$ cat work-v5.txt   # compact mmCIF, C-alpha atoms and all ligand atoms
# COMPACT_ATOMS: atom_id res chain seq x y z
CA MET A 1 67.10 71.18 149.70
CA LEU A 2 64.83 72.79 152.24
CA ASN A 3 61.05 72.57 152.10
CA ALA A 4 58.25 73.50 154.46
CA ASP A 5 58.35 70.02 156.09
CA THR A 6 61.96 70.39 157.24
CA THR A 7 61.43 71.10 160.95
CA ASP A 8 63.84 68.78 162.79
CA PRO A 9 66.69 71.10 163.92
CA ALA A 10 69.34 68.41 163.42
CA VAL A 11 68.21 67.82 159.82
CA LEU A 12 67.99 71.55 159.26
CA ARG A 13 71.52 72.12 160.63
CA GLU A 14 72.95 69.50 158.32
CA LEU A 15 71.10 70.94 155.37
CA ILE A 16 72.27 74.48 156.11
CA ALA A 17 75.87 73.33 156.57
CA GLY A 18 75.68 71.54 153.20
CA GLU A 19 74.30 74.62 151.46
CA LEU A 20 76.92 76.90 153.04
CA ALA A 21 79.67 74.52 151.91
CA ALA A 22 78.26 74.27 148.37
CA ALA A 23 78.12 78.05 148.03
CA ARG A 24 81.70 78.44 149.28
CA GLU A 25 82.95 75.71 146.97
CA ARG A 26 81.43 77.61 144.03
CA THR A 27 82.89 80.91 145.24
CA GLY A 28 86.26 79.16 145.32
CA ARG A 29 85.87 77.83 141.79
CA LEU A 30 85.06 81.33 140.51
CA THR A 31 87.98 83.02 142.24
CA ASP A 32 90.74 80.37 142.29
CA CYS A 33 90.77 80.01 138.49
CA VAL A 34 92.39 83.40 137.83
CA GLU A 35 95.55 85.09 139.12
CA ASP A 36 95.45 87.73 141.85
CA ASP A 37 95.89 90.60 139.37
CA GLU A 38 92.68 89.48 137.68
CA LEU A 39 90.88 89.36 141.02
CA VAL A 40 91.68 93.00 141.76
CA ALA A 41 91.14 94.24 138.19
CA GLN A 42 87.84 95.73 137.09
CA HIS A 43 86.78 93.84 133.98
CA SER A 44 83.83 96.15 133.27
CA PRO A 45 82.56 99.37 134.90
CA LEU A 46 79.28 97.46 135.30
CA MET A 47 80.89 95.04 137.74
CA SER A 48 82.92 95.01 140.95
CA PRO A 49 86.41 93.51 141.03
CA LEU A 50 86.02 89.83 141.99
CA VAL A 51 87.96 90.49 145.19
CA TRP A 52 85.23 92.93 146.30
CA ASP A 53 82.54 90.24 145.94
CA LEU A 54 84.70 87.83 147.89
CA ALA A 55 85.07 90.04 150.99
CA HIS A 56 81.50 91.38 150.64
CA ILE A 57 80.19 87.80 150.90
CA GLY A 58 82.13 87.39 154.16
CA ASN A 59 81.05 90.80 155.43
CA GLN A 60 77.32 90.16 154.91
CA GLU A 61 77.70 86.76 156.55
CA GLU A 62 79.39 88.37 159.54
CA LEU A 63 76.79 91.13 159.75
CA TRP A 64 73.70 88.92 159.60
CA LEU A 65 74.82 85.73 161.28
CA LEU A 66 77.58 86.62 163.72
CA ARG A 67 76.35 90.08 164.74
CA ASN A 68 72.55 90.06 164.27
CA VAL A 69 71.86 86.43 165.13
CA GLY A 70 74.88 85.68 167.32
CA GLY A 71 75.17 89.05 169.07
CA ARG A 72 78.95 89.18 168.48
CA ASP A 73 81.02 92.34 168.13
CA PRO A 74 82.25 93.38 164.67
CA MET A 75 85.48 91.63 163.67
CA HIS A 76 86.83 94.54 161.61
CA PRO A 77 84.40 97.49 161.86
CA GLU A 78 86.73 99.67 159.77
CA ILE A 79 86.09 97.61 156.63
CA ASP A 80 82.27 97.65 156.87
CA PRO A 81 81.80 100.81 154.76
CA LEU A 82 83.99 99.40 151.96
CA TYR A 83 81.68 96.46 151.46
CA ASP A 84 78.35 98.23 151.82
CA ALA A 85 76.82 97.89 148.34
CA PHE A 86 74.74 101.05 148.84
CA GLU A 87 77.65 103.24 149.90
CA HIS A 88 79.85 102.66 146.84
CA PRO A 89 78.57 102.06 143.29
CA ARG A 90 80.35 99.28 141.40
CA ALA A 91 82.36 101.65 139.20
CA GLU A 92 83.93 103.21 142.33
CA ARG A 93 84.92 99.99 144.06
CA PRO A 94 88.33 99.41 142.41
CA SER A 95 89.59 102.71 143.84
CA LEU A 96 88.73 101.73 147.44
CA PRO A 97 91.38 100.36 149.82
CA LEU A 98 89.94 96.85 149.48
CA LEU A 99 91.35 93.82 151.25
CA PRO A 100 93.87 92.13 148.91
CA PRO A 101 92.98 88.58 147.71
CA LYS A 102 94.77 86.69 150.49
CA GLU A 103 93.23 88.83 153.23
CA ALA A 104 89.76 88.72 151.60
CA ARG A 105 89.88 84.92 151.48
CA GLY A 106 91.18 84.77 155.06
CA TYR A 107 88.42 87.06 156.32
CA ALA A 108 85.64 85.07 154.62
CA HIS A 109 87.19 81.87 155.96
CA ASP A 110 87.38 83.20 159.56
CA VAL A 111 83.77 84.33 159.43
CA ARG A 112 82.68 80.94 158.12
CA GLY A 113 84.46 79.05 160.91
CA ARG A 114 82.62 81.10 163.53
CA VAL A 115 79.32 80.72 161.68
CA LEU A 116 79.63 76.94 161.75
CA ASP A 117 80.15 77.11 165.54
CA LEU A 118 77.09 79.33 165.84
CA LEU A 119 75.04 76.95 163.69
CA ALA A 120 76.03 73.93 165.79
CA ALA A 121 74.73 75.62 168.93
CA SER A 122 71.64 77.31 167.42
CA PRO A 123 68.11 76.07 168.21
CA LEU A 124 67.02 77.38 164.76
CA GLU A 125 63.77 78.60 166.27
CA GLY A 126 62.50 81.19 168.69
CA SER A 127 62.87 84.35 166.62
CA PRO A 128 61.81 85.30 163.08
CA LEU A 129 65.46 85.42 161.90
CA LEU A 130 66.13 81.96 163.36
CA ASP A 131 62.90 80.12 162.53
CA ALA A 132 63.59 77.43 159.92
CA GLY A 133 67.11 78.85 159.75
CA PHE A 134 65.87 81.86 157.75
CA ALA A 135 68.95 84.08 158.28
CA PHE A 136 71.24 81.21 157.27
CA GLY A 137 69.09 80.61 154.20
CA MET A 138 69.23 84.27 153.30
CA ILE A 139 73.04 84.25 153.55
CA VAL A 140 73.33 81.06 151.47
CA GLN A 141 71.21 82.68 148.76
CA HIS A 142 73.21 85.90 149.02
CA GLU A 143 76.49 84.08 148.39
CA GLN A 144 75.01 82.13 145.48
CA GLN A 145 73.63 85.36 144.00
CA HIS A 146 77.09 86.91 144.17
CA ASP A 147 78.47 83.77 142.54
CA GLU A 148 76.12 84.46 139.64
CA THR A 149 77.34 88.07 139.60
CA MET A 150 80.93 86.83 139.54
CA LEU A 151 80.07 84.52 136.64
CA ILE A 152 78.79 87.59 134.77
CA THR A 153 82.16 89.22 135.48
CA HIS A 154 83.83 86.16 133.95
CA GLN A 155 81.66 86.55 130.86
CA LEU A 156 82.68 90.23 130.56
CA ARG A 157 86.35 89.49 131.20
CA LYS A 158 88.69 89.55 128.20
CA GLY A 159 91.26 86.87 127.58
CA PRO A 160 91.25 83.10 127.30
CA ALA A 161 88.66 80.94 129.04
CA ALA A 162 89.21 80.41 132.77
CA LEU A 163 86.12 78.24 133.32
CA THR A 164 84.93 75.13 131.55
CA ALA A 165 81.87 72.89 131.88
CA PRO A 166 80.20 70.18 129.79
CA ALA A 167 77.38 71.15 127.43
CA PRO A 168 73.87 70.64 128.83
CA PRO A 169 71.87 67.58 127.76
CA ASP A 170 70.09 67.94 124.43
CA HIS A 171 66.63 66.43 124.93
CA ALA A 172 64.79 68.96 122.82
CA ASP A 173 61.43 67.73 121.57
CA ARG A 174 59.36 69.05 118.72
CA LEU A 175 56.60 70.85 120.53
CA PRO A 176 53.69 73.14 119.70
CA ALA A 177 54.93 76.74 119.57
CA GLU A 178 52.58 77.91 122.31
CA VAL A 179 50.23 76.60 124.98
CA LEU A 180 46.86 77.92 126.11
CA VAL A 181 46.43 78.86 129.76
CA PRO A 182 42.67 79.11 130.37
CA ALA A 183 41.10 82.05 132.24
CA GLY A 184 40.75 81.77 135.98
CA PRO A 185 42.29 82.50 139.35
CA PHE A 186 45.52 81.16 140.82
CA SER A 187 47.55 81.67 143.95
CA MET A 188 50.61 83.91 143.35
CA GLY A 189 53.48 84.29 145.81
CA THR A 190 53.99 82.26 148.99
CA ASP A 191 53.29 82.11 152.73
CA THR A 192 54.94 78.73 153.25
CA GLU A 193 58.30 78.66 151.45
CA PRO A 194 60.67 78.90 154.46
CA TRP A 195 63.51 80.77 152.77
CA ALA A 196 61.41 82.93 150.43
CA LEU A 197 62.39 86.59 150.56
CA ASP A 198 60.05 89.42 151.42
CA ASN A 199 59.13 90.31 147.83
CA GLU A 200 57.77 86.78 147.20
CA ARG A 201 55.25 87.17 150.03
CA PRO A 202 52.36 86.99 150.77
CA ALA A 203 50.40 84.43 148.76
CA HIS A 204 47.46 86.17 147.11
CA ARG A 205 44.77 85.33 144.59
CA VAL A 206 45.14 86.68 141.07
CA GLU A 207 42.50 86.36 138.36
CA LEU A 208 43.78 86.25 134.77
CA PRO A 209 42.06 86.16 131.39
CA ALA A 210 43.03 83.31 129.04
CA TYR A 211 46.37 83.69 127.25
CA TRP A 212 48.79 81.84 125.03
CA LEU A 213 52.40 81.48 126.14
CA ASP A 214 55.44 80.28 124.19
CA THR A 215 56.21 76.66 125.07
CA ALA A 216 59.91 77.48 125.30
CA PRO A 217 62.08 80.61 125.39
CA VAL A 218 62.71 82.46 122.10
CA SER A 219 65.63 80.84 120.26
CA ASN A 220 68.68 82.41 118.64
CA ALA A 221 67.33 81.25 115.26
CA ALA A 222 64.04 83.08 115.79
CA TYR A 223 65.87 86.15 117.07
CA GLN A 224 68.11 86.19 114.00
CA VAL A 225 64.98 86.44 111.81
CA PHE A 226 64.05 89.59 113.75
CA ILE A 227 67.54 91.00 113.11
CA ALA A 228 67.49 90.01 109.41
CA ASP A 229 64.05 91.58 109.02
CA GLY A 230 65.44 94.94 110.14
CA GLY A 231 63.92 94.74 113.60
CA TYR A 232 66.68 96.92 115.06
CA ASP A 233 66.07 99.61 112.44
CA ASP A 234 62.31 99.97 112.67
CA PRO A 235 61.04 102.29 115.42
CA ARG A 236 57.55 100.76 115.09
CA TRP A 237 58.63 97.83 117.25
CA TRP A 238 60.26 99.83 120.01
CA THR A 239 58.87 101.86 122.88
CA GLU A 240 59.90 105.51 122.75
CA ARG A 241 62.51 105.00 125.46
CA GLY A 242 63.61 101.73 123.94
CA TRP A 243 64.19 103.37 120.57
CA ALA A 244 66.11 106.25 122.15
CA HIS A 245 68.30 103.74 123.95
CA ARG A 246 68.74 101.61 120.82
CA GLN A 247 69.94 104.74 118.97
CA GLN A 248 72.18 106.06 121.70
CA ALA A 249 73.80 102.68 122.52
CA GLY A 250 74.01 101.66 118.85
CA LEU A 251 72.36 98.29 119.45
CA SER A 252 72.20 95.90 116.49
CA ALA A 253 72.34 92.40 118.07
CA PRO A 254 72.51 90.77 121.52
CA LEU A 255 75.54 91.58 123.67
CA PHE A 256 78.64 89.50 122.83
CA TRP A 257 77.47 88.90 119.23
CA SER A 258 79.52 89.89 116.16
CA LEU A 259 79.16 89.32 112.43
CA ASP A 260 81.88 87.40 110.65
CA GLY A 261 81.34 87.15 106.90
CA GLY A 262 77.59 86.76 107.21
CA GLN A 263 77.82 84.35 110.16
CA TRP A 264 76.74 85.54 113.62
CA MET A 265 79.36 84.66 116.21
CA ARG A 266 79.24 85.05 119.99
CA ARG A 267 81.86 85.25 122.67
CA ARG A 268 81.06 82.98 125.59
CA PHE A 269 83.42 82.84 128.58
CA GLY A 270 86.46 83.58 126.47
CA THR A 271 85.56 81.36 123.50
CA LEU A 272 84.35 82.63 120.13
CA GLU A 273 81.81 80.34 118.48
CA PRO A 274 79.01 80.44 115.91
CA VAL A 275 75.69 81.43 117.49
CA PRO A 276 73.93 78.11 118.20
CA PRO A 277 70.52 78.42 116.51
CA ARG A 278 68.57 76.15 118.88
CA GLU A 279 69.65 77.77 122.13
CA PRO A 280 67.52 80.41 123.87
CA VAL A 281 68.67 83.91 123.00
CA LEU A 282 70.80 85.32 125.82
CA HIS A 283 72.10 88.76 126.83
CA VAL A 284 69.22 90.84 125.52
CA SER A 285 67.82 93.90 127.28
CA TRP A 286 64.16 94.33 128.17
CA TYR A 287 63.90 96.87 125.34
CA GLU A 288 65.14 94.30 122.82
CA ALA A 289 62.88 91.56 124.18
CA ASP A 290 59.89 93.90 124.06
CA ALA A 291 60.72 95.00 120.48
CA TYR A 292 61.04 91.39 119.33
CA ALA A 293 57.66 90.55 120.84
CA ARG A 294 55.94 93.47 119.07
CA TRP A 295 57.62 92.56 115.79
CA ALA A 296 56.28 89.00 116.23
CA GLY A 297 52.76 90.40 116.77
CA ARG A 298 52.91 89.39 120.41
CA ARG A 299 53.93 90.83 123.79
CA LEU A 300 56.00 89.95 126.82
CA PRO A 301 54.02 88.00 129.44
CA THR A 302 53.14 89.72 132.69
CA GLU A 303 54.83 88.42 135.79
CA ALA A 304 51.51 86.89 136.92
CA GLU A 305 51.12 85.09 133.59
CA TRP A 306 54.62 83.68 133.94
CA GLU A 307 53.96 82.44 137.46
CA LYS A 308 50.57 80.92 136.67
CA ALA A 309 52.08 78.95 133.80
CA ALA A 310 54.93 77.84 136.08
CA ARG A 311 53.00 76.92 139.24
CA HIS A 312 49.26 76.52 138.78
CA ASP A 313 48.04 72.93 138.75
CA PRO A 314 44.61 72.91 137.10
CA ALA A 315 43.91 69.39 138.42
CA THR A 316 44.10 70.44 142.08
CA GLY A 317 43.72 74.22 141.84
CA ARG A 318 46.85 74.77 143.96
CA SER A 319 50.19 76.34 143.14
CA ARG A 320 53.30 74.16 143.09
CA ARG A 321 56.79 75.12 144.29
CA PHE A 322 58.19 74.33 140.82
CA PRO A 323 56.65 73.61 137.40
CA TRP A 324 57.17 69.84 137.85
CA GLY A 325 55.82 69.67 141.42
CA ASP A 326 57.04 70.30 144.95
CA GLU A 327 60.28 68.33 144.85
CA SER A 328 63.56 70.22 144.79
CA PRO A 329 65.28 70.57 141.41
CA THR A 330 67.46 67.74 140.10
CA PRO A 331 69.64 67.86 136.95
CA ALA A 332 66.75 66.14 135.10
CA HIS A 333 64.35 69.01 135.87
CA ALA A 334 66.29 72.12 134.99
CA ASN A 335 69.60 73.65 133.94
CA LEU A 336 70.67 75.31 137.20
CA GLY A 337 73.71 75.84 139.38
CA GLN A 338 76.45 76.52 136.81
CA GLN A 339 76.61 72.81 135.95
CA HIS A 340 76.79 74.04 132.37
CA LEU A 341 77.95 77.41 131.08
CA GLN A 342 75.13 77.85 128.58
CA PRO A 343 71.39 77.26 128.23
CA ALA A 344 70.08 73.99 126.77
CA PRO A 345 68.37 73.92 123.33
CA VAL A 346 64.78 75.18 123.37
CA GLY A 347 62.32 72.39 124.15
CA SER A 348 64.71 70.55 126.51
CA TYR A 349 63.99 69.24 130.00
CA PRO A 350 60.77 67.23 129.48
CA ALA A 351 60.87 66.19 133.17
CA GLY A 352 60.72 69.86 134.15
CA GLN A 353 57.62 70.86 132.24
CA SER A 354 54.62 72.48 133.92
CA PRO A 355 51.08 71.00 133.99
CA TYR A 356 50.25 73.16 130.96
CA GLY A 357 53.24 71.71 129.08
CA VAL A 358 55.48 74.78 129.29
CA ARG A 359 59.23 74.01 129.25
CA GLN A 360 62.36 75.58 130.73
CA LEU A 361 60.54 78.02 132.98
CA ILE A 362 63.12 77.29 135.67
CA GLY A 363 66.81 77.51 134.74
CA ASP A 364 68.49 78.14 131.35
CA VAL A 365 67.77 81.90 131.00
CA TRP A 366 66.20 84.59 133.16
CA GLU A 367 63.00 85.66 131.44
CA TRP A 368 62.01 89.30 131.11
CA THR A 369 58.37 90.01 131.91
CA SER A 370 56.37 93.11 131.04
CA SER A 371 55.87 93.91 134.74
CA ASP A 372 57.42 96.66 136.83
CA PHE A 373 58.82 95.59 140.20
CA HIS A 374 56.35 96.21 143.05
CA GLY A 375 55.45 94.68 146.39
CA TYR A 376 52.51 92.29 146.44
CA PRO A 377 49.31 93.34 148.25
CA GLY A 378 50.14 93.02 151.95
CA PHE A 379 53.93 93.28 151.40
CA ARG A 380 55.98 93.70 154.56
CA VAL A 381 59.67 94.60 154.64
CA TRP A 382 61.68 91.62 155.93
CA PRO A 383 64.33 91.68 157.18
CA TYR A 384 65.62 94.95 155.68
CA LYS A 385 64.24 97.43 153.18
CA GLU A 386 67.38 97.47 151.03
CA TYR A 387 66.67 93.90 149.99
CA SER A 388 63.61 94.76 147.89
CA GLU A 389 61.58 97.79 148.84
CA VAL A 390 64.05 100.46 147.82
CA PHE A 391 63.88 99.06 144.26
CA PHE A 392 60.08 99.11 143.92
CA GLY A 393 58.88 101.35 141.13
CA PRO A 394 58.57 101.69 137.38
CA GLU A 395 62.31 101.90 136.65
CA TYR A 396 62.88 98.17 137.21
CA LYS A 397 61.42 95.28 135.21
CA VAL A 398 60.87 91.83 136.71
CA LEU A 399 62.72 88.75 135.49
CA ARG A 400 61.62 85.24 136.39
CA GLY A 401 62.77 81.65 136.46
CA GLY A 402 66.53 81.82 136.96
CA SER A 403 69.33 80.97 134.56
CA PHE A 404 71.93 78.23 134.25
CA ALA A 405 73.96 80.38 136.66
CA VAL A 406 71.39 80.32 139.47
CA ALA A 407 71.73 77.81 142.31
CA PRO A 408 68.72 75.61 143.11
CA VAL A 409 68.64 77.07 146.63
CA ALA A 410 68.14 80.56 145.17
CA CYS A 411 65.51 79.54 142.62
CA ARG A 412 61.83 78.61 142.89
CA GLY A 413 58.52 79.29 141.20
CA THR A 414 57.95 82.36 143.36
CA PHE A 415 61.45 83.87 143.07
CA ARG A 416 61.59 87.42 141.65
CA ASN A 417 64.55 89.20 140.13
CA TRP A 418 64.59 92.76 138.78
CA ASP A 419 66.82 94.97 136.72
CA TYR A 420 66.92 98.08 134.55
CA PRO A 421 65.41 97.63 131.06
CA VAL A 422 68.78 98.50 129.47
CA ARG A 423 70.68 95.70 131.25
CA ARG A 424 71.98 92.83 129.16
CA GLN A 425 75.21 91.57 130.65
CA ILE A 426 72.92 89.46 132.86
CA PHE A 427 71.88 85.96 131.71
CA SER A 428 68.60 87.26 130.30
CA GLY A 429 66.31 85.90 127.60
CA PHE A 430 62.52 85.86 127.25
CA ARG A 431 59.43 84.18 125.87
CA THR A 432 56.34 85.85 124.41
CA ALA A 433 52.59 85.74 124.98
CA ARG A 434 49.29 86.91 123.52
CA TYR A 435 45.72 87.15 124.76
CA ALA A 436 43.55 84.20 123.72
CA GLY A 437 41.47 85.17 120.74
CA GLU A 438 44.13 87.43 119.22
CA GLU A 439 45.38 86.16 115.87
CA THR A 440 49.10 86.23 115.11
FE FE B 501 75.34 91.65 148.19
$ encode --input "work-v5.txt" --output "structure tokens" --more "lines below"
Ligand SMILES: [Fe+2]
Amino acid sequence: MLNADTTDPAVLRELIAGELAAARERTGRLTDCVEDDELVAQHSPLMSPLVWDLAHIGNQEELWLLRNVGGRDPMHPEIDPLYDAFEHPRAERPSLPLLPPKEARGYAHDVRGRVLDLLAASPLEGSPLLDAGFAFGMIVQHEQQHDETMLITHQLRKGPAALTAPAPPDHADRLPAEVLVPAGPFSMGTDTEPWALDNERPAHRVELPAYWLDTAPVSNAAYQVFIADGGYDDPRWWTERGWAHRQQAGLSAPLFWSLDGGQWMRRRFGTLEPVPPREPVLHVSWYEADAYARWAGRRLPTEAEWEKAARHDPATGRSRRFPWGDESPTPAHANLGQQHLQPAPVGSYPAGQSPYGVRQLIGDVWEWTSSDFHGYPGFRVWPYKEYSEVFFGPEYKVLRGGSFAVAPVACRGTFRNWDYPVRRQIFSGFRTARYAGEET
């Protein structure tokens, strides 16, 4: 994987080609495992038909690489509006005259062939879009992000399982429930990560008071205690908006959970199974995460607290790329890249722990933070405002760390995700925090 030392264009070309191929292989796995009628069907009004994602991936690749970088003419200008995510909300997309599966695959394939020719001839320097292969990196991450979206569609889809994967390794250790992060400054965000997106920049100093943070994400077992204690029925634990939403949506457990004779079950990629007590809780909204934290006498961590615990190295005073150091993720560090279709038990991945001893910050589940999504001080739109800036504001909450569905190339200690506080079809969990000195 790319790091700031990758400057040789030949090495960079090979790396980009490998990442493009890996993303397309995953896109293929997600779309070849179901019949064409399932590709064009809408499995949930929250999601696009899979065939939309497929052609949209090709369309963005054509737009950014062939047209913006390569200066080529549009291949099929008439289809551009169909695949503009801002022009048509997801619920509308099935009614559009979308390319059928064969044509969508063919289009993405044609674009890719031309992109590989462009890459072979590109100096990968000389303009901000080309330097360190940024535009290629952005497109690789875009495809991998849509692969995660398509995996969510698979989770929402009814019917028998279409995807399988081995269970993640179970290396869970018995650990203290929480770790202390002492007061002091750290460097948040990045100036050096070559493929970091605009919202991760620039690096800036943040001073935090001391706090305690959960060593691992909140487990299903812990969450079931909240349910059994009437947590969903007690407005004391919920924000006003959260309670209104809980009432209106009739929430009583995480999405995909059901009660069967006193046993909580969950549906996971077409398979019904007992809720595994040691796994991180998954498919909870921000409102549910926040209510759990209040019930536990705690709170959600801020985004800065999450990042300090994940990146700050107290021995050197610098911020790492990942909790374990600067090396790119391996399967020993974190549960990433859809290698498994579920998070690992809480306390797993000893090789991935941060200097403070915090586990599973990267991979397994996206973690809700208490923070609204805003630009950092000195934020500059790059390369287009629809990537981040149009979402800045109090209506979106930040999630950190990536899930088992996130590719290593689209995940790092600085990466920021955001969503509405009601969302829970995403692979979202959380951990909790408290200020040092507060008793629980
Ligand atoms: Fe997109």
$ residues_near_ligand --input "work-v5.txt" --ligand "ligand FE 501 (chain B)" --cutoff "8 Å" --atoms "all atoms listed in the file" --output "compact mmCIF listing (two decimals) with C-alpha atoms, in the coordinates of the input"
# COMPACT_ATOMS: atom_id res chain seq x y z
CA ASP A 53 82.54 90.24 145.94
CA HIS A 56 81.50 91.38 150.64
CA ILE A 57 80.19 87.80 150.90
CA GLN A 60 77.32 90.16 154.91
CA ALA A 85 76.82 97.89 148.34
CA HIS A 142 73.21 85.90 149.02
CA GLU A 143 76.49 84.08 148.39
CA GLN A 145 73.63 85.36 144.00
CA HIS A 146 77.09 86.91 144.17
$ residues_around --input "work-v5.txt" --residues "Pro254 (chain A)" --least-positions-apart "3" --cutoff "10 Å" --atoms "all atoms listed in the file" --output "VMD selection string"
chain A and resid 220 223 to 224 227 251 257 to 258 266 281 to 285 288 424 to 425 429
$ atom_distance --input "work-v5.txt" --atom1 "CA of Met188 (chain A)" --atom2 "CA of Val140 (chain A)"
24.3 Å
$ closest_atom_pairs --input "work-v5.txt" --of "region 143-220 of chain A" --to "region 371-390 of chain A" --cutoff "9 Å" --atoms "all atoms listed in the file" --output "CSV"
residue,atom,partner,partner_atom,distance
A:Gly189,CA,A:Tyr376,CA,8.1
A:Leu197,CA,A:Trp382,CA,7.4
A:Asp198,CA,A:Trp382,CA,5.3
A:Asn199,CA,A:Gly375,CA,5.9
A:Glu200,CA,A:Tyr376,CA,7.7
A:Arg201,CA,A:Phe379,CA,6.4
A:Pro202,CA,A:Phe379,CA,6.5
A:Ala203,CA,A:Tyr376,CA,8.5
A:His204,CA,A:Pro377,CA,7.5
$ closest_residue --input "work-v5.txt" --among "A:Pro176, A:Gly184, A:Pro350, A:Gly297" --to "His312 (chain A)" --atoms "all atoms listed in the file"
A:Gly184
$ closest_residue --input "work-v5.txt" --among "A:Lys102, A:Arg157, A:His340, A:Arg72" --to "Ala405 (chain A)" --atoms "only C-alpha atoms"
A:His340
$ atom_distance --input "work-v5.txt" --atom1 "CA of Phe186 (chain A)" --atom2 "CA of Ser319 (chain A)"
7.1 Å
$ residues_around --input "work-v5.txt" --residues "His43 (chain A)" --least-positions-apart "3" --cutoff "12 Å" --atoms "all atoms listed in the file" --output "count of residues only"
24
$ atom_distance --input "work-v5.txt" --atom1 "CA of Val365 (chain A)" --atom2 "CA of Pro343 (chain A)"
6.5 Å
$ closest_residue --input "work-v5.txt" --among "A:Thr316, A:Thr164, A:Thr369, A:Gln338" --to "Thr271 (chain A)" --atoms "only C-alpha atoms"
A:Thr164
$ closest_residue --input "work-v5.txt" --among "A:Leu163, A:Val218, A:Met138, A:Ala293" --to "Ala177 (chain A)" --atoms "only C-alpha atoms"
A:Val218
$ closest_residue --input "work-v5.txt" --among "A:Leu12, A:Val34, A:Ala17, A:Leu82" --to "Gly113 (chain A)" --atoms "all atoms listed in the file"
A:Ala17
$ residues_around --input "work-v5.txt" --residues "Ile79 (chain A)" --least-positions-apart "5" --cutoff "12 Å" --atoms "all atoms listed in the file" --output "PDB file with C-alpha atoms, in the coordinates of the input"
ATOM      1  CA  TRP A  52      85.230  92.930 146.300  1.00  0.00           C
ATOM      2  CA  ALA A  55      85.070  90.040 150.990  1.00  0.00           C
ATOM      3  CA  HIS A  56      81.500  91.380 150.640  1.00  0.00           C
ATOM      4  CA  GLY A  58      82.130  87.390 154.160  1.00  0.00           C
ATOM      5  CA  ASN A  59      81.050  90.800 155.430  1.00  0.00           C
ATOM      6  CA  GLN A  60      77.320  90.160 154.910  1.00  0.00           C
ATOM      7  CA  GLU A  62      79.390  88.370 159.540  1.00  0.00           C
ATOM      8  CA  LEU A  63      76.790  91.130 159.750  1.00  0.00           C
ATOM      9  CA  PRO A  74      82.250  93.380 164.670  1.00  0.00           C
ATOM     10  CA  ASP A  84      78.350  98.230 151.820  1.00  0.00           C
ATOM     11  CA  LEU A  96      88.730 101.730 147.440  1.00  0.00           C
ATOM     12  CA  PRO A  97      91.380 100.360 149.820  1.00  0.00           C
ATOM     13  CA  LEU A  98      89.940  96.850 149.480  1.00  0.00           C
ATOM     14  CA  LEU A  99      91.350  93.820 151.250  1.00  0.00           C
ATOM     15  CA  GLU A 103      93.230  88.830 153.230  1.00  0.00           C
ATOM     16  CA  ALA A 104      89.760  88.720 151.600  1.00  0.00           C
ATOM     17  CA  TYR A 107      88.420  87.060 156.320  1.00  0.00           C
TER      18      TYR A 107
END
$ residues_near_point --input "work-v5.txt" --point "(70.3, 97.6, 131.8)" --cutoff "12 Å" --atoms "all atoms listed in the file" --output "ChimeraX atom specification"
/A:46,242,245-246,249,255,283-288,368,395-397,418-428
$ residues_around --input "work-v5.txt" --residues "region 434-436 of chain A" --least-positions-apart "4" --cutoff "12 Å" --atoms "only C-alpha atoms" --output "ChimeraX atom specification"
/A:178-183,208-214,293-294,296-302,305,440
$ residues_near_point --input "work-v5.txt" --point "(82.4, 77.5, 114.8)" --cutoff "10 Å" --atoms "all atoms listed in the file" --output "list in words"
Gln263, Trp264, Met265, Arg266, Leu272, Glu273, Pro274, Val275 and Pro276 of chain A
$ closest_residue --input "work-v5.txt" --among "A:Leu30, A:Leu399, A:Leu118, A:Ala165" --to "Thr149 (chain A)" --atoms "all atoms listed in the file"
A:Leu30
$ build_atoms --input "work-v5.txt" --residues "region 415-422 of chain A" --atoms "N, CA and C atoms" --output "mmCIF file, in the frame of the given file"
data_model
loop_
_atom_site.group_PDB
_atom_site.id
_atom_site.type_symbol
_atom_site.label_atom_id
_atom_site.label_comp_id
_atom_site.auth_asym_id
_atom_site.auth_seq_id
_atom_site.Cartn_x
_atom_site.Cartn_y
_atom_site.Cartn_z
ATOM 1 N N PHE A 415 60.302 82.970 142.980
ATOM 2 C CA PHE A 415 61.450 83.870 143.070
ATOM 3 C C PHE A 415 61.359 85.011 142.062
ATOM 4 N N ARG A 416 61.673 86.231 142.517
ATOM 5 C CA ARG A 416 61.590 87.420 141.650
ATOM 6 C C ARG A 416 62.943 88.108 141.573
ATOM 7 N N ASN A 417 63.336 88.433 140.363
ATOM 8 C CA ASN A 417 64.550 89.200 140.130
ATOM 9 C C ASN A 417 64.121 90.481 139.412
ATOM 10 N N TRP A 418 64.966 91.501 139.423
ATOM 11 C CA TRP A 418 64.590 92.760 138.780
ATOM 12 C C TRP A 418 65.838 93.448 138.277
ATOM 13 N N ASP A 419 65.669 94.206 137.215
ATOM 14 C CA ASP A 419 66.820 94.970 136.720
ATOM 15 C C ASP A 419 66.321 96.092 135.811
ATOM 16 N N TYR A 420 67.254 96.989 135.469
ATOM 17 C CA TYR A 420 66.920 98.080 134.550
ATOM 18 C C TYR A 420 66.641 97.512 133.159
ATOM 19 N N PRO A 421 65.740 98.155 132.402
ATOM 20 C CA PRO A 421 65.410 97.630 131.060
ATOM 21 C C PRO A 421 66.558 97.698 130.057
ATOM 22 N N VAL A 422 67.632 98.438 130.386
ATOM 23 C CA VAL A 422 68.780 98.500 129.470
ATOM 24 C C VAL A 422 69.796 97.381 129.723
#
